[in-house]
>>> print(open('structure-v8.csv').read())   # CSV, C-alpha atoms
chain,number,residue,atom,x,y,z
A,1,MET,CA,31.8,5.8,14.4
A,2,ILE,CA,29.0,4.0,12.5
A,3,GLU,CA,31.4,1.7,10.8
A,4,ASN,CA,32.7,0.6,14.2
A,5,ILE,CA,29.2,-0.1,15.5
A,6,ILE,CA,28.4,-2.1,12.3
A,7,ASN,CA,31.6,-4.2,12.8
A,8,ILE,CA,30.7,-4.8,16.5
A,9,ALA,CA,27.2,-6.0,15.4
A,10,LYS,CA,28.8,-8.3,12.8
A,11,ASP,CA,31.2,-9.8,15.4
A,12,ALA,CA,28.3,-10.4,17.8
A,13,GLY,CA,26.2,-11.8,14.9
A,14,GLU,CA,28.9,-14.3,14.0
A,15,LYS,CA,28.9,-15.6,17.6
A,16,ILE,CA,25.1,-15.8,17.7
A,17,LEU,CA,25.1,-17.8,14.5
A,18,LYS,CA,27.5,-20.3,15.9
A,19,VAL,CA,25.1,-20.9,18.8
A,20,TYR,CA,22.1,-20.8,16.4
A,21,ASN,CA,23.6,-23.6,14.3
A,22,SER,CA,24.6,-25.7,17.3
A,23,GLU,CA,22.6,-28.4,19.2
A,24,ASP,CA,22.4,-26.6,22.5
A,25,PHE,CA,21.2,-23.1,23.1
A,26,GLU,CA,21.5,-23.5,26.9
A,27,ILE,CA,18.1,-21.9,27.5
A,28,LYS,CA,17.3,-20.4,30.9
A,29,ILE,CA,14.2,-18.6,32.1
A,30,LYS,CA,14.7,-15.2,33.7
A,31,GLU,CA,12.7,-13.7,36.5
A,32,ASP,CA,10.4,-11.9,34.1
A,33,LYS,CA,9.7,-15.3,32.5
A,34,SER,CA,11.5,-14.4,29.3
A,35,SER,CA,14.1,-16.7,27.8
A,36,LEU,CA,17.9,-16.3,27.9
A,37,THR,CA,20.3,-18.3,25.8
A,38,ARG,CA,24.1,-18.7,25.5
A,39,ALA,CA,23.8,-16.5,22.4
A,40,ASP,CA,22.3,-13.6,24.5
A,41,ILE,CA,25.2,-13.8,26.9
A,42,GLU,CA,28.0,-14.1,24.3
A,43,SER,CA,26.5,-11.3,22.2
A,44,ASN,CA,26.2,-9.0,25.2
A,45,ARG,CA,29.8,-9.6,26.1
A,46,ILE,CA,31.1,-8.9,22.6
A,47,ILE,CA,29.0,-5.7,22.2
A,48,THR,CA,29.7,-4.2,25.5
A,49,ASN,CA,33.5,-4.8,25.2
A,50,GLY,CA,33.4,-3.4,21.7
A,51,LEU,CA,31.6,-0.3,22.6
A,52,LYS,CA,33.9,0.4,25.5
A,53,GLN,CA,36.8,0.3,23.0
A,54,ILE,CA,35.3,3.0,20.7
A,55,SER,CA,33.9,5.5,23.3
A,56,ASP,CA,33.7,6.4,26.9
A,57,PHE,CA,29.9,6.4,26.9
A,58,PRO,CA,28.3,4.1,29.5
A,59,VAL,CA,26.3,1.0,28.3
A,60,ILE,CA,22.8,-0.1,29.2
A,61,SER,CA,21.6,-3.5,27.8
A,62,GLU,CA,18.9,-5.9,28.5
A,63,GLU,CA,21.4,-8.0,30.4
A,64,ILE,CA,23.0,-5.0,32.2
A,65,PRO,CA,20.4,-2.9,34.0
A,66,VAL,CA,21.5,0.4,35.6
A,67,LYS,CA,19.7,2.1,38.5
A,68,TYR,CA,17.9,5.3,37.5
A,69,THR,CA,19.7,7.3,40.1
A,70,ASP,CA,23.0,6.4,38.4
A,71,ARG,CA,21.8,7.1,34.8
A,72,LYS,CA,19.3,9.9,35.0
A,73,GLN,CA,21.9,12.6,34.3
A,74,TRP,CA,23.6,10.8,31.4
A,75,GLU,CA,23.8,12.9,28.3
A,76,TYR,CA,25.1,10.1,26.1
A,77,PHE,CA,24.8,6.4,26.5
A,78,TRP,CA,24.6,3.2,24.5
A,79,LEU,CA,21.3,1.2,24.7
A,80,VAL,CA,21.7,-2.4,23.5
A,81,ASP,CA,19.6,-5.5,23.0
A,82,PRO,CA,22.2,-8.2,22.3
A,83,LEU,CA,19.5,-10.6,21.0
A,84,ASP,CA,16.1,-9.2,20.2
A,85,GLY,CA,13.6,-11.9,19.4
A,86,THR,CA,14.8,-14.8,21.5
A,87,LYS,CA,11.6,-16.7,20.8
A,88,ASP,CA,12.3,-16.3,17.1
A,89,PHE,CA,15.9,-17.5,17.7
A,90,ILE,CA,14.7,-20.6,19.5
A,91,ALA,CA,12.0,-21.2,16.8
A,92,LYS,CA,14.9,-21.0,14.2
A,93,ASN,CA,12.9,-18.7,11.9
A,94,GLY,CA,15.9,-16.4,11.4
A,95,GLN,CA,14.0,-13.2,12.4
A,96,PHE,CA,16.0,-12.1,15.4
A,97,THR,CA,18.2,-9.0,15.6
A,98,ILE,CA,21.0,-7.3,17.4
A,99,ASN,CA,20.0,-3.7,18.3
A,100,ILE,CA,22.6,-1.0,19.2
A,101,ALA,CA,21.6,2.6,19.7
A,102,LEU,CA,23.4,5.7,20.9
A,103,ILE,CA,21.1,7.9,23.0
A,104,HIS,CA,21.6,11.7,23.4
A,105,LYS,CA,19.3,13.5,25.8
A,106,ASN,CA,16.6,10.9,25.8
A,107,THR,CA,16.6,10.5,22.0
A,108,PRO,CA,18.3,7.9,19.7
A,109,VAL,CA,20.8,9.6,17.4
A,110,THR,CA,22.5,6.5,15.9
A,111,GLY,CA,21.2,3.0,15.5
A,112,VAL,CA,22.1,-0.3,14.0
A,113,VAL,CA,19.7,-3.3,13.7
A,114,TYR,CA,21.4,-6.4,12.4
A,115,ALA,CA,19.6,-9.7,11.5
A,116,PRO,CA,22.6,-12.1,11.1
A,117,ALA,CA,20.6,-15.1,10.0
A,118,MET,CA,19.0,-13.0,7.2
A,119,ASP,CA,22.3,-11.2,6.4
A,120,VAL,CA,20.5,-7.8,6.7
A,121,MET,CA,22.0,-4.7,8.3
A,122,TYR,CA,20.0,-1.6,8.9
A,123,TRP,CA,21.6,1.6,10.2
A,124,ALA,CA,21.1,5.3,10.5
A,125,GLU,CA,22.6,8.4,12.0
A,126,LYS,CA,20.7,11.6,12.8
A,127,ASP,CA,20.3,13.8,9.7
A,128,LYS,CA,22.4,11.4,7.5
A,129,GLY,CA,19.7,9.0,6.3
A,130,ALA,CA,18.9,5.4,6.8
A,131,PHE,CA,20.5,2.4,5.0
A,132,LYS,CA,20.0,-1.3,4.4
A,133,ASN,CA,23.1,-3.2,3.4
A,134,ASN,CA,24.8,0.0,2.0
A,135,GLU,CA,21.7,1.1,0.1
A,136,LYS,CA,19.8,4.2,1.2
A,137,ILE,CA,16.2,3.4,2.2
A,138,TYR,CA,13.1,5.7,2.6
A,139,ASN,CA,9.5,4.9,2.9
A,140,ASN,CA,7.9,7.1,0.4
A,141,SER,CA,4.8,5.0,-0.1
A,142,THR,CA,1.5,6.8,-0.6
A,143,GLY,CA,-0.7,3.7,-1.0
A,144,LYS,CA,-4.2,3.8,0.5
A,145,ASN,CA,-4.5,0.0,0.9
A,146,LEU,CA,-2.3,-0.2,3.9
A,147,ILE,CA,-0.1,-3.1,4.7
A,148,GLY,CA,0.2,-3.8,8.5
A,149,SER,CA,2.7,-5.8,10.4
A,150,ASP,CA,2.2,-7.9,13.5
A,151,SER,CA,4.6,-9.9,15.8
A,152,ASN,CA,5.2,-13.6,15.3
A,153,PHE,CA,4.8,-14.3,19.0
A,154,HIS,CA,3.4,-11.2,20.7
A,155,SER,CA,0.1,-10.4,18.9
A,156,THR,CA,-2.9,-9.3,20.9
A,157,ASP,CA,-6.6,-9.1,20.5
A,158,GLN,CA,-6.2,-5.3,20.6
A,159,THR,CA,-3.8,-5.5,17.6
A,160,ILE,CA,-6.3,-7.5,15.6
A,161,ALA,CA,-9.0,-5.1,16.5
A,162,PHE,CA,-6.8,-2.2,15.4
A,163,PHE,CA,-6.3,-3.7,11.9
A,164,LYS,CA,-10.1,-4.3,11.6
A,165,ARG,CA,-11.0,-0.8,12.7
A,166,HIS,CA,-8.7,0.7,10.1
A,167,ASN,CA,-9.6,-1.8,7.4
A,168,ILE,CA,-6.1,-3.1,7.1
A,169,LYS,CA,-6.5,-6.5,5.5
A,170,GLU,CA,-3.0,-7.4,4.5
A,171,ILE,CA,-0.8,-8.3,7.5
A,172,LYS,CA,2.8,-9.4,7.4
A,173,ARG,CA,4.3,-11.1,10.4
A,174,PHE,CA,7.9,-10.5,11.4
A,175,GLY,CA,10.0,-11.0,14.6
A,176,SER,CA,12.0,-8.6,16.7
A,177,ALA,CA,13.1,-5.2,15.2
A,178,VAL,CA,12.8,-6.7,11.7
A,179,LYS,CA,9.3,-5.1,11.7
A,180,LEU,CA,10.8,-1.6,12.1
A,181,GLY,CA,13.3,-2.3,9.3
A,182,LYS,CA,10.6,-3.5,7.0
A,183,LEU,CA,8.7,-0.3,7.7
A,184,ALA,CA,11.7,1.9,7.1
A,185,GLU,CA,12.3,0.2,3.7
A,186,GLY,CA,8.6,0.5,2.7
A,187,GLU,CA,7.6,-3.1,2.7
A,188,ILE,CA,4.9,-2.3,5.3
A,189,ASP,CA,3.0,0.9,6.2
A,190,ILE,CA,2.1,0.6,9.8
A,191,TYR,CA,3.0,-1.5,12.9
A,192,PRO,CA,0.9,-1.1,16.0
A,193,ARG,CA,2.5,-2.5,19.2
A,194,LEU,CA,-0.2,-2.9,21.8
A,195,ASN,CA,1.7,-4.8,24.4
A,196,GLY,CA,5.0,-4.5,26.3
A,197,THR,CA,8.3,-3.6,24.9
A,198,MET,CA,11.4,-2.2,26.5
A,199,GLU,CA,13.5,0.8,25.5
A,200,TRP,CA,16.3,-1.4,24.1
A,201,ASP,CA,13.8,-3.1,21.8
A,202,THR,CA,12.9,0.1,19.9
A,203,ALA,CA,15.7,2.6,20.2
A,204,ALA,CA,17.9,1.5,17.3
A,205,GLY,CA,15.0,1.0,15.0
A,206,HIS,CA,13.4,4.3,16.1
A,207,ILE,CA,16.2,6.4,14.6
A,208,ILE,CA,16.3,4.3,11.5
A,209,LEU,CA,12.5,4.9,11.1
A,210,LYS,CA,12.9,8.7,11.6
A,211,GLU,CA,15.6,8.9,9.0
A,212,ALA,CA,13.5,6.8,6.6
A,213,GLY,CA,10.4,9.0,6.6
A,214,CYS,CA,8.5,7.3,9.4
A,215,LYS,CA,7.5,7.9,13.0
A,216,LEU,CA,7.1,5.9,16.2
A,217,ILE,CA,4.4,7.5,18.4
A,218,ASP,CA,3.6,6.8,22.0
A,219,ILE,CA,-0.2,6.1,22.2
A,220,GLU,CA,-0.5,7.7,25.6
A,221,THR,CA,1.5,11.0,25.1
A,222,ARG,CA,0.9,11.1,21.3
A,223,GLN,CA,4.6,12.1,21.0
A,224,GLU,CA,7.7,10.3,19.9
A,225,LEU,CA,8.9,7.6,22.4
A,226,ILE,CA,11.5,8.9,24.8
A,227,TYR,CA,14.3,7.0,26.4
A,228,ASN,CA,16.1,6.8,29.8
A,229,LYS,CA,12.9,6.9,31.7
A,230,GLU,CA,12.9,5.7,35.3
A,231,ASN,CA,10.9,2.7,34.2
A,232,GLN,CA,12.3,1.6,30.9
A,233,LEU,CA,9.1,-0.1,29.8
A,234,ASN,CA,7.7,1.6,26.7
A,235,ASN,CA,4.1,2.7,26.5
A,236,HIS,CA,2.2,1.0,23.7
A,237,PHE,CA,3.0,2.7,20.3
A,238,ILE,CA,2.2,2.9,16.7
A,239,ALA,CA,5.0,3.0,14.1
A,240,SER,CA,4.0,4.2,10.6
A,241,ARG,CA,4.7,6.3,7.6
A,242,ASN,CA,4.9,10.0,8.4
A,243,ASP,CA,1.9,10.8,6.2
A,244,LEU,CA,-0.5,8.6,8.1
A,245,LYS,CA,-2.8,10.3,10.7
A,246,LEU,CA,-2.9,7.9,13.7
A,247,PHE,CA,-5.4,9.6,16.0
>>> encode(input="structure-v8.csv", output="structure tokens")
Amino acid sequence: MIENIINIAKDAGEKILKVYNSEDFEIKIKEDKSSLTRADIESNRIITNGLKQISDFPVISEEIPVKYTDRKQWEYFWLVDPLDGTKDFIAKNGQFTINIALIHKNTPVTGVVYAPAMDVMYWAEKDKGAFKNNEKIYNNSTGKNLIGSDSNFHSTDQTIAFFKRHNIKEIKRFGSAVKLGKLAEGEIDIYPRLNGTMEWDTAAGHIILKEAGCKLIDIETRQELIYNKENQLNNHFIASRNDLKLF
């Protein structure tokens, strides 16, 4: 099935790049003040149609909300962000992704994160390892001088304070789920996210991290993030190498 998901992501990425290289993104502002472009809509259509062709599992995406009463008993479902990092897309820095995850009992078990403008594809399946462009990846770094990552557009004072408190002096900025991919492949060591994200922002990257020797920990529960909550807003979290003590 993973090959099918990768192909669906590539098809969506091809459509996104056509919009990306055009003159008109057709930008709209949603009720939550976030941006929506023609690329989000086209990517969502391609992905949802593609997933329906390869399985009977229902789909939740950023653009297709589902009431909790309808989804709370789902054992398997797809969780999709058709264009993660719309601000990066609009800024034309290339650091936006397509995120597709399969959730089983509140936990991601398969994930694809595709950055079409960077021509980078990350993916993982539970107990089968994590990959970047067909090469297996694993963060086996043991360095003491930690490299942190922060968002291009969503940094906070709390994030800066976190880096100072832990004496993390080298900070690399990336957009969207690219940060999770960079952690999985060992380019960075830790990524604190101390403001809002949604379940579809993290699910695909989460399983990639777990298969690559990393973890993604909810700051409030001090456990791994879970999915298909009534409110699909994530708590603040810290993603890092497995060997790092976060609390």
>>> residues_around(input="structure-v8.csv", residues="A:Tyr20", least_positions_apart="6", cutoff="12 Å", atoms="all atoms listed in the file", output="VMD selection string")
chain A and resid 13 to 14 26 to 27 37 to 40 42 to 43 83 86 88 to 96 116 to 117
>>> closest_residue(input="structure-v8.csv", among="A:Ser61, A:Gln232, A:Asn44, A:Asn195", to="A:Thr159", atoms="all atoms listed in the file")
A:Asn195
>>> residues_around(input="structure-v8.csv", residues="A:Ser240", least_positions_apart="4", cutoff="12 Å", atoms="all atoms listed in the file", output="NGL selection string")
:A and (139-142 or 146-149 or 179-193 or 206 or 209-210 or 212-218 or 224 or 244-246)
>>> atom_distance(input="structure-v8.csv", atom1="atom CA of A:Thr69", atom2="atom CA of A:Lys229")
10.8 Å
>>> closest_residue(input="structure-v8.csv", among="A:Met118, A:Glu170, A:Asn228, A:Lys126", to="A:Trp74", atoms="all atoms listed in the file")
A:Asn228
>>> atom_distance(input="structure-v8.csv", atom1="atom CA of A:Ala124", atom2="atom CA of A:Trp78")
14.6 Å
>>> atom_distance(input="structure-v8.csv", atom1="atom CA of A:Gly143", atom2="atom CA of A:Arg173")
19.3 Å
>>> closest_residue(input="structure-v8.csv", among="A:Lys10, A:Pro58, A:Gly175, A:Ile207", to="A:Ala130", atoms="all atoms listed in the file")
A:Ile207
>>> closest_residue(input="structure-v8.csv", among="A:Val80, A:Ile41, A:Tyr114, A:Gly129", to="A:Val19", atoms="all atoms listed in the file")
A:Ile41
>>> residues_around(input="structure-v8.csv", residues="A:Thr156", least_positions_apart="2", cutoff="12 Å", atoms="only C-alpha atoms", output="ChimeraX atom specification")
/A:150-154,158-163,192-196,236
>>> closest_residue(input="structure-v8.csv", among="A:Ile47, A:Ile103, A:Ala204, A:Leu36", to="A:Arg71", atoms="all atoms listed in the file")
A:Ile103
>>> closest_residue(input="structure-v8.csv", among="A:Ala12, A:Val66, A:Ala203, A:Ile168", to="A:Val112", atoms="all atoms listed in the file")
A:Ala203
>>> residues_around(input="structure-v8.csv", residues="A:Ile5", least_positions_apart="3", cutoff="8 Å", atoms="all atoms listed in the file", output="JSON, numbers by chain")
{"A": [1, 2, 8, 9, 51, 100, 112]}
>>> residues_near_point(input="structure-v8.csv", point="(17.2, -7.0, 23.8)", cutoff="6 Å", atoms="all atoms listed in the file", output="VMD selection string")
chain A and resid 62 81 to 84 200 to 201
>>> write_last_selection(input="structure-v8.csv", atoms="C-alpha atoms", output="JSON list (two decimals), in the frame of the given file")
[["chain", "number", "residue", "atom", "x", "y", "z"],
["A", 62, "GLU", "CA", 18.90, -5.90, 28.50],
["A", 81, "ASP", "CA", 19.60, -5.50, 23.00],
["A", 82, "PRO", "CA", 22.20, -8.20, 22.30],
["A", 83, "LEU", "CA", 19.50, -10.60, 21.00],
["A", 84, "ASP", "CA", 16.10, -9.20, 20.20],
["A", 200, "TRP", "CA", 16.30, -1.40, 24.10],
["A", 201, "ASP", "CA", 13.80, -3.10, 21.80]]
>>> decode(input="structure-v8.csv", residues="stretch 100-222 of chain A", atoms="C-alpha atoms", output="PDB file, in the first residue's frame")
ATOM      1  CA  ILE A 100      -0.791  11.572   4.428  1.00  0.00           C
ATOM      2  CA  ALA A 101      -1.123   9.281   7.458  1.00  0.00           C
ATOM      3  CA  LEU A 102      -3.025   6.099   8.212  1.00  0.00           C
ATOM      4  CA  ILE A 103      -4.303   6.065  11.781  1.00  0.00           C
ATOM      5  CA  HIS A 104      -5.069   2.857  13.686  1.00  0.00           C
ATOM      6  CA  LYS A 105      -6.648   3.179  17.115  1.00  0.00           C
ATOM      7  CA  ASN A 106      -5.481   6.748  17.688  1.00  0.00           C
ATOM      8  CA  THR A 107      -1.910   6.074  16.520  1.00  0.00           C
ATOM      9  CA  PRO A 108      -0.279   6.693  13.105  1.00  0.00           C
ATOM     10  CA  VAL A 109       0.974   3.462  11.539  1.00  0.00           C
ATOM     11  CA  THR A 110       1.853   4.681   8.040  1.00  0.00           C
ATOM     12  CA  GLY A 111       2.982   8.104   6.931  1.00  0.00           C
ATOM     13  CA  VAL A 112       4.138   9.962   3.837  1.00  0.00           C
ATOM     14  CA  VAL A 113       5.530  13.500   3.902  1.00  0.00           C
ATOM     15  CA  TYR A 114       6.293  14.863   0.440  1.00  0.00           C
ATOM     16  CA  ALA A 115       7.956  18.205  -0.291  1.00  0.00           C
ATOM     17  CA  PRO A 116       7.394  18.537  -4.059  1.00  0.00           C
ATOM     18  CA  ALA A 117       9.370  21.753  -4.569  1.00  0.00           C
ATOM     19  CA  MET A 118      12.367  20.142  -2.817  1.00  0.00           C
ATOM     20  CA  ASP A 119      11.814  16.775  -4.532  1.00  0.00           C
ATOM     21  CA  VAL A 120      12.018  15.048  -1.148  1.00  0.00           C
ATOM     22  CA  MET A 121       9.804  12.142  -0.117  1.00  0.00           C
ATOM     23  CA  TYR A 122       9.815  10.783   3.439  1.00  0.00           C
ATOM     24  CA  TRP A 123       7.778   7.731   4.412  1.00  0.00           C
ATOM     25  CA  ALA A 124       7.463   5.049   7.055  1.00  0.00           C
ATOM     26  CA  GLU A 125       5.375   2.058   8.050  1.00  0.00           C
ATOM     27  CA  LYS A 126       5.161   0.681  11.565  1.00  0.00           C
ATOM     28  CA  ASP A 127       8.048  -1.701  12.295  1.00  0.00           C
ATOM     29  CA  LYS A 128       9.440  -1.338   8.757  1.00  0.00           C
ATOM     30  CA  GLY A 129      11.727   1.666   9.149  1.00  0.00           C
ATOM     31  CA  ALA A 130      11.769   5.209   7.794  1.00  0.00           C
ATOM     32  CA  PHE A 131      12.968   6.335   4.388  1.00  0.00           C
ATOM     33  CA  LYS A 132      13.919   9.424   2.437  1.00  0.00           C
ATOM     34  CA  ASN A 133      13.898   9.089  -1.355  1.00  0.00           C
ATOM     35  CA  ASN A 134      14.373   5.282  -1.133  1.00  0.00           C
ATOM     36  CA  GLU A 135      17.241   5.491   1.381  1.00  0.00           C
ATOM     37  CA  LYS A 136      16.688   4.278   4.932  1.00  0.00           C
ATOM     38  CA  ILE A 137      17.121   7.011   7.532  1.00  0.00           C
ATOM     39  CA  TYR A 138      17.713   6.909  11.289  1.00  0.00           C
ATOM     40  CA  ASN A 139      18.739   9.595  13.735  1.00  0.00           C
ATOM     41  CA  ASN A 140      21.574   7.929  15.623  1.00  0.00           C
ATOM     42  CA  SER A 141      23.266  11.172  16.631  1.00  0.00           C
ATOM     43  CA  THR A 142      24.735  11.349  20.107  1.00  0.00           C
ATOM     44  CA  GLY A 143      26.111  14.884  19.891  1.00  0.00           C
ATOM     45  CA  LYS A 144      25.989  17.042  23.015  1.00  0.00           C
ATOM     46  CA  ASN A 145      25.935  20.375  21.178  1.00  0.00           C
ATOM     47  CA  LEU A 146      22.313  20.110  20.142  1.00  0.00           C
ATOM     48  CA  ILE A 147      20.943  21.549  16.923  1.00  0.00           C
ATOM     49  CA  GLY A 148      17.400  22.865  17.282  1.00  0.00           C
ATOM     50  CA  SER A 149      14.770  23.704  14.733  1.00  0.00           C
ATOM     51  CA  ASP A 150      12.175  26.452  14.661  1.00  0.00           C
ATOM     52  CA  SER A 151       9.400  27.431  12.291  1.00  0.00           C
ATOM     53  CA  ASN A 152       9.806  29.956   9.500  1.00  0.00           C
ATOM     54  CA  PHE A 153       6.552  31.695  10.427  1.00  0.00           C
ATOM     55  CA  HIS A 154       5.327  30.327  13.772  1.00  0.00           C
ATOM     56  CA  SER A 155       8.114  30.903  16.268  1.00  0.00           C
ATOM     57  CA  THR A 156       7.199  32.116  19.759  1.00  0.00           C
ATOM     58  CA  ASP A 157       8.925  33.819  22.673  1.00  0.00           C
ATOM     59  CA  GLN A 158       8.502  30.548  24.580  1.00  0.00           C
ATOM     60  CA  THR A 159      10.386  28.678  21.852  1.00  0.00           C
ATOM     61  CA  ILE A 160      13.298  31.127  21.988  1.00  0.00           C
ATOM     62  CA  ALA A 161      13.320  30.820  25.775  1.00  0.00           C
ATOM     63  CA  PHE A 162      13.380  27.008  25.479  1.00  0.00           C
ATOM     64  CA  PHE A 163      16.499  27.143  23.323  1.00  0.00           C
ATOM     65  CA  LYS A 164      18.216  29.513  25.740  1.00  0.00           C
ATOM     66  CA  ARG A 165      17.263  27.411  28.767  1.00  0.00           C
ATOM     67  CA  HIS A 166      18.769  24.306  27.199  1.00  0.00           C
ATOM     68  CA  ASN A 167      21.815  26.136  25.814  1.00  0.00           C
ATOM     69  CA  ILE A 168      20.877  25.301  22.227  1.00  0.00           C
ATOM     70  CA  LYS A 169      22.743  27.839  20.137  1.00  0.00           C
ATOM     71  CA  GLU A 170      22.457  26.477  16.611  1.00  0.00           C
ATOM     72  CA  ILE A 171      18.927  26.871  15.247  1.00  0.00           C
ATOM     73  CA  LYS A 172      17.814  25.829  11.774  1.00  0.00           C
ATOM     74  CA  ARG A 173      14.520  27.133  10.439  1.00  0.00           C
ATOM     75  CA  PHE A 174      12.266  25.069   8.219  1.00  0.00           C
ATOM     76  CA  GLY A 175       8.633  25.156   7.174  1.00  0.00           C
ATOM     77  CA  SER A 176       5.792  22.667   7.604  1.00  0.00           C
ATOM     78  CA  ALA A 177       6.557  18.996   8.298  1.00  0.00           C
ATOM     79  CA  VAL A 178       9.995  19.443   6.750  1.00  0.00           C
ATOM     80  CA  LYS A 179      11.192  19.974  10.346  1.00  0.00           C
ATOM     81  CA  LEU A 180      10.054  16.475  11.301  1.00  0.00           C
ATOM     82  CA  GLY A 181      11.795  15.008   8.277  1.00  0.00           C
ATOM     83  CA  LYS A 182      15.021  16.819   9.120  1.00  0.00           C
ATOM     84  CA  LEU A 183      14.863  15.401  12.641  1.00  0.00           C
ATOM     85  CA  ALA A 184      14.254  11.892  11.337  1.00  0.00           C
ATOM     86  CA  GLU A 185      17.295  12.029   9.064  1.00  0.00           C
ATOM     87  CA  GLY A 186      19.528  13.459  11.799  1.00  0.00           C
ATOM     88  CA  GLU A 187      20.098  16.996  10.531  1.00  0.00           C
ATOM     89  CA  ILE A 188      18.614  18.400  13.737  1.00  0.00           C
ATOM     90  CA  ASP A 189      18.275  17.019  17.269  1.00  0.00           C
ATOM     91  CA  ILE A 190      15.224  18.701  18.767  1.00  0.00           C
ATOM     92  CA  TYR A 191      12.152  20.647  17.678  1.00  0.00           C
ATOM     93  CA  PRO A 192       9.933  22.271  20.320  1.00  0.00           C
ATOM     94  CA  ARG A 193       6.516  23.325  19.049  1.00  0.00           C
ATOM     95  CA  LEU A 194       5.062  25.714  21.597  1.00  0.00           C
ATOM     96  CA  ASN A 195       2.045  26.973  19.713  1.00  0.00           C
ATOM     97  CA  GLY A 196      -0.894  25.498  17.873  1.00  0.00           C
ATOM     98  CA  THR A 197      -0.823  22.609  15.426  1.00  0.00           C
ATOM     99  CA  MET A 198      -3.536  20.242  14.291  1.00  0.00           C
ATOM    100  CA  GLU A 199      -3.498  16.455  14.156  1.00  0.00           C
ATOM    101  CA  TRP A 200      -3.083  16.434  10.367  1.00  0.00           C
ATOM    102  CA  ASP A 201       0.048  18.587  10.706  1.00  0.00           C
ATOM    103  CA  THR A 202       1.919  15.957  12.717  1.00  0.00           C
ATOM    104  CA  ALA A 203       0.483  12.465  12.122  1.00  0.00           C
ATOM    105  CA  ALA A 204       2.486  11.476   9.043  1.00  0.00           C
ATOM    106  CA  GLY A 205       5.706  12.925  10.406  1.00  0.00           C
ATOM    107  CA  HIS A 206       5.076  11.277  13.776  1.00  0.00           C
ATOM    108  CA  ILE A 207       5.319   7.700  12.490  1.00  0.00           C
ATOM    109  CA  ILE A 208       8.352   8.653  10.394  1.00  0.00           C
ATOM    110  CA  LEU A 209      10.032   9.974  13.545  1.00  0.00           C
ATOM    111  CA  LYS A 210       9.209   6.870  15.573  1.00  0.00           C
ATOM    112  CA  GLU A 211      10.643   4.601  12.910  1.00  0.00           C
ATOM    113  CA  ALA A 212      13.770   6.775  12.732  1.00  0.00           C
ATOM    114  CA  GLY A 213      14.759   6.672  16.407  1.00  0.00           C
ATOM    115  CA  CYS A 214      12.912   9.773  17.549  1.00  0.00           C
ATOM    116  CA  LYS A 215       9.891  10.707  19.639  1.00  0.00           C
ATOM    117  CA  LEU A 216       7.150  13.328  19.654  1.00  0.00           C
ATOM    118  CA  ILE A 217       5.997  14.054  23.202  1.00  0.00           C
ATOM    119  CA  ASP A 218       2.938  15.980  24.392  1.00  0.00           C
ATOM    120  CA  ILE A 219       4.152  18.525  26.955  1.00  0.00           C
ATOM    121  CA  GLU A 220       0.983  18.244  29.061  1.00  0.00           C
ATOM    122  CA  THR A 221       0.622  14.447  29.231  1.00  0.00           C
ATOM    123  CA  ARG A 222       4.331  13.661  28.743  1.00  0.00           C
TER     124      ARG A 222
END
